[in-house]
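First the structure, in the form of structure tokens, and then the observations on it.
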Amino acid sequence: MMFHIIVDQDHCTGCGICVKMCSSGVISLADESNLPQVQDEDTSRCLYCGHCEAFCPSQALILNLSPEEKVLLPASAGNISQEDIAFYLKKRRSIRHFTREPVPKEKILEVLDIARYAASGGNGQPVQWLVIYDPEEVKKIAGLTIEWMRTLLNTDHPMSGYVPILISAWEQEYDIICRDAPHLLFAHIPEDNQIASVDAIIALTHFDLSAPAFGIGTCWAGFVAAAAMFYEPLQKELGLPAGRKSAYAMMFGNPEYKVYGIPRRKPLEVMWK
């Protein structure tokens, strides 16, 4: 019999925190031993979120999902001071000037490995990634985005009056679309998942916020994202698997310039009830 959770009986204290933390309410304490258990009929309701093992004070419980891959969390790991996290996030800038040096693929995978831990509805984890690594391919995608913009001219599209400026810049060999970024990142999702687009933005935000720690600069590629949503030639160029669609895009690369200050923002507005 395969147990849904693995419990170290020598270390489990029967505190019941895993029961409280289970999002699906499938964990209970056995009457005779006070050890956590999941009844066979309840296993299908498990979200595999891992809350049970993450919040176990004695680390006596592990979800039986690739248990050999479990990584122990050092006591002080991830502790960041309030001041440091405030400066780190406030200092984050959209980067639009990149060096020609490519970001090593290994480093990109490290950041994406962080992004895969992003929250998702029901822990569905629907987000997958397409990395456009070749700068020439990035340029081609920028050109296809301009082609899409040409189709908006003289229409009632909200961008119709704005795209002539972008097209003109492109014709003058100024990459207003991807800013000569060496790489593009697409988060793609199942076409029939109504909430996955939000999951994709959350995952991309994880990438966006983690990237500077690796020396990578990012910028949300809104023009490309819009074109990928509506322009079939660009969709064919991306070549996503059947049944999946682009949710959003992000340009990234090595920043050409460093950040030395923090700009002002509108005053904080908060309502309390």
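Residue names in the structure tokens use chain letters A, B, ... in the order shown, residue numbers from 1 in each chain, and ligand numbers from 1 in the order shown.
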Per residue of stretch 42-124 of chain A within 9 Å of stretch 185-198 of chain A, which atom pair is closest and at what distance in Å (one decimal), using only C-alpha atoms, listed by chain and increasing number, as CSV?
```
residue,atom,partner,partner_atom,distance
A:Ser120,CA,A:Ala196,CA,7.7
A:Gly121,CA,A:Ile195,CA,7.2
A:Gly124,CA,A:Ala196,CA,8.6
```
Residues just named, written with C-alpha atoms as a PDB file, in the first residue's frame:
```
ATOM      1  CA  SER A 120      -1.304  29.159  -8.874  1.00  0.00           C
ATOM      2  CA  GLY A 121      -5.035  28.524  -8.573  1.00  0.00           C
ATOM      3  CA  GLY A 124      -2.577  23.679 -10.847  1.00  0.00           C
TER       4      GLY A 124
END
```
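Interatomic distance, atom CA of A:Gly25 against atom CA of A:Leu47: 10.2 Å.
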Open item on the list: List as a PyMOL selection string the protein and nucleic acid residues near A:Pro135, meaning an atom at most 9 Å away when only C-alpha atoms are counted, but skip any in the same chain fewer than 6 places from it.
Closed with: chain A and resi 100+102+180-184
Task: Filtered DSSP result for stretch 172-234 of chain A, state strand (DSSP E), as a list in words - done: His183, Leu184, Leu185, Phe186, Ala187, His188, Ile189, Pro190, Gly217, Thr218, Cys219 and Trp220 of chain A
For the residues selected in the previous step, produce a file with N, CA, C and O atoms as a PDB file, in the first residue's frame.
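Written file, again_3.pdb:
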```pdb
ATOM      1  N   HIS A 183      17.113  38.473 -25.442  1.00  0.00           N
ATOM      2  CA  HIS A 183      16.246  37.322 -25.173  1.00  0.00           C
ATOM      3  C   HIS A 183      14.809  37.761 -24.885  1.00  0.00           C
ATOM      4  O   HIS A 183      14.564  38.876 -24.419  1.00  0.00           O
ATOM      5  N   LEU A 184      13.885  36.839 -25.156  1.00  0.00           N
ATOM      6  CA  LEU A 184      12.474  37.025 -24.816  1.00  0.00           C
ATOM      7  C   LEU A 184      11.987  35.798 -24.048  1.00  0.00           C
ATOM      8  O   LEU A 184      12.420  34.673 -24.343  1.00  0.00           O
ATOM      9  N   LEU A 185      11.095  36.039 -23.119  1.00  0.00           N
ATOM     10  CA  LEU A 185      10.504  34.949 -22.350  1.00  0.00           C
ATOM     11  C   LEU A 185       8.987  34.997 -22.502  1.00  0.00           C
ATOM     12  O   LEU A 185       8.373  36.047 -22.284  1.00  0.00           O
ATOM     13  N   PHE A 186       8.396  33.874 -22.897  1.00  0.00           N
ATOM     14  CA  PHE A 186       6.942  33.757 -22.993  1.00  0.00           C
ATOM     15  C   PHE A 186       6.455  32.768 -21.940  1.00  0.00           C
ATOM     16  O   PHE A 186       6.972  31.654 -21.839  1.00  0.00           O
ATOM     17  N   ALA A 187       5.461  33.185 -21.175  1.00  0.00           N
ATOM     18  CA  ALA A 187       4.754  32.263 -20.293  1.00  0.00           C
ATOM     19  C   ALA A 187       3.530  31.785 -21.067  1.00  0.00           C
ATOM     20  O   ALA A 187       2.720  32.594 -21.499  1.00  0.00           O
ATOM     21  N   HIS A 188       3.412  30.476 -21.264  1.00  0.00           N
ATOM     22  CA  HIS A 188       2.248  29.985 -22.016  1.00  0.00           C
ATOM     23  C   HIS A 188       1.419  29.036 -21.158  1.00  0.00           C
ATOM     24  O   HIS A 188       1.921  28.385 -20.236  1.00  0.00           O
ATOM     25  N   ILE A 189       0.141  28.983 -21.480  1.00  0.00           N
ATOM     26  CA  ILE A 189      -0.857  28.330 -20.626  1.00  0.00           C
ATOM     27  C   ILE A 189      -1.853  27.533 -21.473  1.00  0.00           C
ATOM     28  O   ILE A 189      -1.953  27.745 -22.680  1.00  0.00           O
ATOM     29  N   PRO A 190      -2.626  26.647 -20.853  1.00  0.00           N
ATOM     30  CA  PRO A 190      -3.663  25.926 -21.604  1.00  0.00           C
ATOM     31  C   PRO A 190      -4.747  26.884 -22.099  1.00  0.00           C
ATOM     32  O   PRO A 190      -5.169  27.786 -21.374  1.00  0.00           O
ATOM     33  N   GLY A 217      18.509  41.958 -16.249  1.00  0.00           N
ATOM     34  CA  GLY A 217      17.536  43.036 -16.350  1.00  0.00           C
ATOM     35  C   GLY A 217      16.331  42.588 -17.150  1.00  0.00           C
ATOM     36  O   GLY A 217      16.450  41.816 -18.115  1.00  0.00           O
ATOM     37  N   THR A 218      15.140  43.053 -16.769  1.00  0.00           N
ATOM     38  CA  THR A 218      13.902  42.624 -17.419  1.00  0.00           C
ATOM     39  C   THR A 218      13.028  43.819 -17.775  1.00  0.00           C
ATOM     40  O   THR A 218      13.175  44.912 -17.230  1.00  0.00           O
ATOM     41  N   CYS A 219      12.096  43.586 -18.697  1.00  0.00           N
ATOM     42  CA  CYS A 219      11.086  44.587 -19.034  1.00  0.00           C
ATOM     43  C   CYS A 219       9.880  43.844 -19.607  1.00  0.00           C
ATOM     44  O   CYS A 219      10.021  42.987 -20.489  1.00  0.00           O
ATOM     45  N   TRP A 220       8.709  44.171 -19.105  1.00  0.00           N
ATOM     46  CA  TRP A 220       7.489  43.530 -19.589  1.00  0.00           C
ATOM     47  C   TRP A 220       7.255  43.930 -21.046  1.00  0.00           C
ATOM     48  O   TRP A 220       7.221  45.115 -21.375  1.00  0.00           O
TER      49      TRP A 220
END
```
Open item on the list: I need the residue nearest A:Ser94 from this list: A:Leu209, A:Ile176, A:Leu238, A:Ala247. Use only C-alpha atoms for the distance.
Closed with: A:Leu209
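When only C-alpha atoms are used to measure the gap to A:Ile216, the shortest distance among A:Leu35, A:Met159, A:Leu65, A:Ile95 belongs to A:Ile95.
You can rank A:Asn254, A:Ser168, A:Thr99, A:Thr151 by their closest distance to A:Tyr231 using only C-alpha atoms, and at the top of that list sits A:Thr151.
In terms of minimum interatomic distance to A:Val224, A:Lys140 ranks closest within A:Lys140, A:Phe207, A:Arg244, A:Asn154, counting only C-alpha atoms.
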Sorted by chain and rising residue number, which residues of stretch 167-224 of chain A lie within 10 Å of stretch 106-113 of chain A, and what are their closest atom pairs and distances in Å to one decimal, counting only C-alpha atoms, as JSON lines?
```
{"residue": "A:Leu185", "atom": "CA", "partner": "A:Ile108", "partner_atom": "CA", "distance": 9.9}
{"residue": "A:Ala203", "atom": "CA", "partner": "A:Leu112", "partner_atom": "CA", "distance": 8.9}
{"residue": "A:Leu204", "atom": "CA", "partner": "A:Leu112", "partner_atom": "CA", "distance": 9.0}
{"residue": "A:His206", "atom": "CA", "partner": "A:Leu112", "partner_atom": "CA", "distance": 8.5}
{"residue": "A:Phe207", "atom": "CA", "partner": "A:Val111", "partner_atom": "CA", "distance": 6.1}
{"residue": "A:Asp208", "atom": "CA", "partner": "A:Val111", "partner_atom": "CA", "distance": 9.0}
{"residue": "A:Leu209", "atom": "CA", "partner": "A:Val111", "partner_atom": "CA", "distance": 9.6}
{"residue": "A:Ser210", "atom": "CA", "partner": "A:Val111", "partner_atom": "CA", "distance": 6.4}
{"residue": "A:Ala211", "atom": "CA", "partner": "A:Val111", "partner_atom": "CA", "distance": 6.3}
{"residue": "A:Pro212", "atom": "CA", "partner": "A:Val111", "partner_atom": "CA", "distance": 9.7}
{"residue": "A:Ala213", "atom": "CA", "partner": "A:Val111", "partner_atom": "CA", "distance": 9.2}
{"residue": "A:Phe214", "atom": "CA", "partner": "A:Lys107", "partner_atom": "CA", "distance": 7.4}
{"residue": "A:Gly215", "atom": "CA", "partner": "A:Lys107", "partner_atom": "CA", "distance": 9.5}
{"residue": "A:Ile216", "atom": "CA", "partner": "A:Ile108", "partner_atom": "CA", "distance": 8.8}
```
Find the spatial neighbours of A:Phe3, counting only C-alpha atoms, within a cut-off of 12 Å - ignore same-chain residues fewer than 5 positions away - and output them as a short mmCIF file (atom, residue, chain, number, x, y, z; two decimals) with N, CA, C and O atoms, in the first residue's frame.
```
data_model
loop_
_atom_site.label_atom_id
_atom_site.label_comp_id
_atom_site.auth_asym_id
_atom_site.auth_seq_id
_atom_site.Cartn_x
_atom_site.Cartn_y
_atom_site.Cartn_z
N PRO A 36 -0.57 11.93 11.94
CA PRO A 36 -1.35 12.39 10.78
C PRO A 36 -1.54 11.28 9.76
O PRO A 36 -0.67 10.43 9.57
N GLN A 37 -2.69 11.31 9.11
CA GLN A 37 -3.01 10.30 8.11
C GLN A 37 -3.93 10.89 7.06
O GLN A 37 -4.56 11.92 7.27
N VAL A 38 -3.96 10.25 5.89
CA VAL A 38 -4.90 10.61 4.82
C VAL A 38 -5.63 9.32 4.44
O VAL A 38 -5.00 8.33 4.04
N GLN A 39 -6.94 9.34 4.57
CA GLN A 39 -7.73 8.18 4.19
C GLN A 39 -7.67 7.99 2.67
O GLN A 39 -7.59 8.95 1.91
N ASP A 40 -7.70 6.73 2.24
CA ASP A 40 -7.59 6.42 0.81
C ASP A 40 -8.63 7.17 -0.02
O ASP A 40 -8.34 7.64 -1.13
N ASP A 42 -9.77 10.00 0.39
CA ASP A 42 -9.55 11.45 0.36
C ASP A 42 -8.35 11.87 -0.49
O ASP A 42 -8.14 13.06 -0.72
N THR A 43 -7.56 10.91 -0.94
CA THR A 43 -6.32 11.26 -1.64
C THR A 43 -6.57 12.04 -2.93
O THR A 43 -5.76 12.88 -3.33
N LEU A 61 6.97 15.06 8.62
CA LEU A 61 6.00 14.66 7.61
C LEU A 61 6.48 15.09 6.24
O LEU A 61 7.02 16.19 6.07
N ILE A 62 6.25 14.24 5.26
CA ILE A 62 6.59 14.60 3.88
C ILE A 62 5.50 14.04 2.96
O ILE A 62 5.05 12.91 3.12
N LEU A 63 5.07 14.86 2.03
CA LEU A 63 4.10 14.42 1.03
C LEU A 63 4.79 13.40 0.13
O LEU A 63 5.92 13.60 -0.32
N ASN A 64 4.12 12.30 -0.14
CA ASN A 64 4.72 11.23 -0.91
C ASN A 64 4.67 11.55 -2.41
O ASN A 64 4.03 10.86 -3.21
N LEU A 65 5.34 12.61 -2.76
CA LEU A 65 5.47 13.06 -4.15
C LEU A 65 6.94 13.34 -4.40
O LEU A 65 7.48 14.34 -3.93
N PRO A 67 9.57 12.06 -2.92
CA PRO A 67 10.17 12.38 -1.62
C PRO A 67 11.69 12.42 -1.66
O PRO A 67 12.31 13.11 -0.85
#
```
Stretch 73-242 of chain A: residues DSSP assigns to helix (DSSP H, G or I), reported as a tab-separated table (two decimals) with C-alpha atoms, in the first residue's frame:
```tsv
chain	number	residue	atom	x	y	z
A	82	GLN	CA	12.71	44.66	6.20
A	83	GLU	CA	15.13	47.32	5.03
A	84	ASP	CA	16.85	45.03	2.51
A	85	ILE	CA	13.63	43.76	0.94
A	86	ALA	CA	12.29	47.30	0.73
A	87	PHE	CA	15.37	48.59	-1.07
A	88	TYR	CA	15.59	45.51	-3.31
A	89	LEU	CA	12.02	45.89	-4.57
A	90	LYS	CA	11.99	49.69	-4.80
A	105	LYS	CA	21.31	29.39	-20.29
A	106	GLU	CA	22.22	27.89	-16.92
A	107	LYS	CA	21.50	31.21	-15.21
A	108	ILE	CA	18.14	31.56	-16.99
A	109	LEU	CA	17.18	28.08	-15.80
A	110	GLU	CA	18.10	29.03	-12.23
A	111	VAL	CA	15.67	31.97	-12.30
A	112	LEU	CA	12.93	29.92	-13.98
A	113	ASP	CA	13.40	27.27	-11.32
A	114	ILE	CA	12.47	29.93	-8.75
A	115	ALA	CA	9.49	31.05	-10.83
A	121	GLY	CA	-5.03	28.52	-8.57
A	122	GLY	CA	-5.63	25.18	-6.90
A	123	ASN	CA	-1.89	24.55	-7.21
A	135	PRO	CA	18.76	37.68	-30.68
A	136	GLU	CA	17.95	37.35	-34.38
A	137	GLU	CA	14.76	35.49	-33.52
A	138	VAL	CA	13.90	38.22	-31.00
A	139	LYS	CA	14.33	40.76	-33.80
A	140	LYS	CA	12.07	38.70	-36.06
A	141	ILE	CA	9.37	38.63	-33.39
A	142	ALA	CA	9.67	42.40	-32.99
A	143	GLY	CA	9.18	42.73	-36.76
A	144	LEU	CA	6.09	40.53	-36.67
A	145	THR	CA	4.74	42.71	-33.86
A	146	ILE	CA	5.16	45.74	-36.12
A	147	GLU	CA	3.35	43.84	-38.89
A	148	TRP	CA	0.44	43.32	-36.49
A	149	MET	CA	0.45	47.02	-35.66
A	150	ARG	CA	0.13	47.87	-39.35
A	163	VAL	CA	0.94	52.76	-33.60
A	164	PRO	CA	2.12	55.16	-36.36
A	165	ILE	CA	4.77	56.49	-33.96
A	166	LEU	CA	5.98	52.97	-33.24
A	167	ILE	CA	5.98	51.97	-36.89
A	168	SER	CA	7.91	55.12	-37.80
A	169	ALA	CA	10.55	54.40	-35.16
A	170	TRP	CA	10.91	50.84	-36.46
A	171	GLU	CA	11.32	52.09	-40.03
A	196	ALA	CA	-4.31	30.40	-15.90
A	197	SER	CA	-3.61	33.88	-17.32
A	198	VAL	CA	-3.45	35.20	-13.75
A	199	ASP	CA	-1.17	32.31	-12.78
A	200	ALA	CA	1.13	33.27	-15.65
A	201	ILE	CA	1.40	36.89	-14.50
A	202	ILE	CA	2.21	35.73	-10.97
A	203	ALA	CA	4.92	33.40	-12.33
A	204	LEU	CA	6.37	36.09	-14.59
A	205	THR	CA	6.44	38.45	-11.63
A	206	HIS	CA	8.51	35.89	-9.76
A	207	PHE	CA	10.93	35.85	-12.70
A	208	ASP	CA	10.92	39.65	-12.89
A	209	LEU	CA	11.71	40.10	-9.20
A	210	SER	CA	14.25	37.27	-8.97
A	211	ALA	CA	16.21	38.24	-12.09
A	212	PRO	CA	18.11	41.26	-10.67
A	213	ALA	CA	19.64	39.04	-7.97
A	214	PHE	CA	21.27	37.13	-10.86
A	222	GLY	CA	3.42	44.40	-23.67
A	223	PHE	CA	3.48	45.05	-27.43
A	224	VAL	CA	4.79	41.56	-28.13
A	225	ALA	CA	2.30	40.01	-25.71
A	226	ALA	CA	-0.62	41.72	-27.47
A	227	ALA	CA	0.58	40.68	-30.91
A	228	ALA	CA	1.08	37.09	-29.74
A	229	MET	CA	-2.51	37.06	-28.55
A	230	PHE	CA	-4.08	38.21	-31.83
A	232	GLU	CA	-1.62	34.42	-36.33
A	233	PRO	CA	1.74	34.78	-38.14
A	234	LEU	CA	3.41	35.50	-34.81
A	235	GLN	CA	1.59	32.61	-33.16
A	236	LYS	CA	2.91	30.30	-35.88
A	237	GLU	CA	6.42	31.68	-35.38
A	238	LEU	CA	6.29	30.89	-31.67
```
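Taking atom CA of A:Tyr117 and atom CA of A:Ile5 as endpoints, the distance between them is 20.5 Å.
Separating atom CA of A:Glu41 from atom CA of A:Val26 is a distance of 9.3 Å.
For the choices A:Arg96, A:Lys20, A:His11, A:Lys91, the atom-to-atom distance to A:Arg264 is smallest for A:Lys91 when using only C-alpha atoms.
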Open item on the list: If we count only C-alpha atoms and set the cut-off at 12 Å, which residues sit around A:Ala75, ignoring sequence neighbours fewer than 2 positions away in its own chain? Please answer as JSON, numbers by chain.
Closed with: {"A": [57, 58, 59, 72, 73, 77, 78, 79]}
Would you output that residue set with N, CA, C and O atoms, as a PDB file, in the first residue's frame?
```
ATOM      1  N   PRO A  57       6.707  21.652  12.213  1.00  0.00           N
ATOM      2  CA  PRO A  57       7.831  22.175  13.013  1.00  0.00           C
ATOM      3  C   PRO A  57       8.975  21.187  13.174  1.00  0.00           C
ATOM      4  O   PRO A  57      10.143  21.574  13.216  1.00  0.00           O
ATOM      5  N   SER A  58       8.649  19.903  13.261  1.00  0.00           N
ATOM      6  CA  SER A  58       9.689  18.892  13.465  1.00  0.00           C
ATOM      7  C   SER A  58      10.142  18.244  12.165  1.00  0.00           C
ATOM      8  O   SER A  58      10.990  17.346  12.186  1.00  0.00           O
ATOM      9  N   GLN A  59       9.562  18.691  11.041  1.00  0.00           N
ATOM     10  CA  GLN A  59       9.881  18.126   9.723  1.00  0.00           C
ATOM     11  C   GLN A  59       9.756  16.598   9.733  1.00  0.00           C
ATOM     12  O   GLN A  59      10.579  15.877   9.162  1.00  0.00           O
ATOM     13  N   LEU A  72      16.228  20.025   2.427  1.00  0.00           N
ATOM     14  CA  LEU A  72      16.083  20.553   3.774  1.00  0.00           C
ATOM     15  C   LEU A  72      16.267  22.070   3.762  1.00  0.00           C
ATOM     16  O   LEU A  72      17.145  22.598   3.079  1.00  0.00           O
ATOM     17  N   LEU A  73      15.440  22.757   4.509  1.00  0.00           N
ATOM     18  CA  LEU A  73      15.494  24.211   4.590  1.00  0.00           C
ATOM     19  C   LEU A  73      16.310  24.614   5.808  1.00  0.00           C
ATOM     20  O   LEU A  73      15.867  24.402   6.946  1.00  0.00           O
ATOM     21  N   ALA A  77      17.628  30.222   6.309  1.00  0.00           N
ATOM     22  CA  ALA A  77      17.549  30.415   4.859  1.00  0.00           C
ATOM     23  C   ALA A  77      16.415  31.361   4.482  1.00  0.00           C
ATOM     24  O   ALA A  77      15.293  31.231   4.982  1.00  0.00           O
ATOM     25  N   GLY A  78      16.717  32.303   3.601  1.00  0.00           N
ATOM     26  CA  GLY A  78      15.692  33.198   3.081  1.00  0.00           C
ATOM     27  C   GLY A  78      15.310  34.340   3.983  1.00  0.00           C
ATOM     28  O   GLY A  78      14.436  35.136   3.636  1.00  0.00           O
ATOM     29  N   ASN A  79      15.937  34.459   5.136  1.00  0.00           N
ATOM     30  CA  ASN A  79      15.624  35.576   6.026  1.00  0.00           C
ATOM     31  C   ASN A  79      16.200  36.871   5.462  1.00  0.00           C
ATOM     32  O   ASN A  79      17.411  36.974   5.244  1.00  0.00           O
TER      33      ASN A  79
END
```
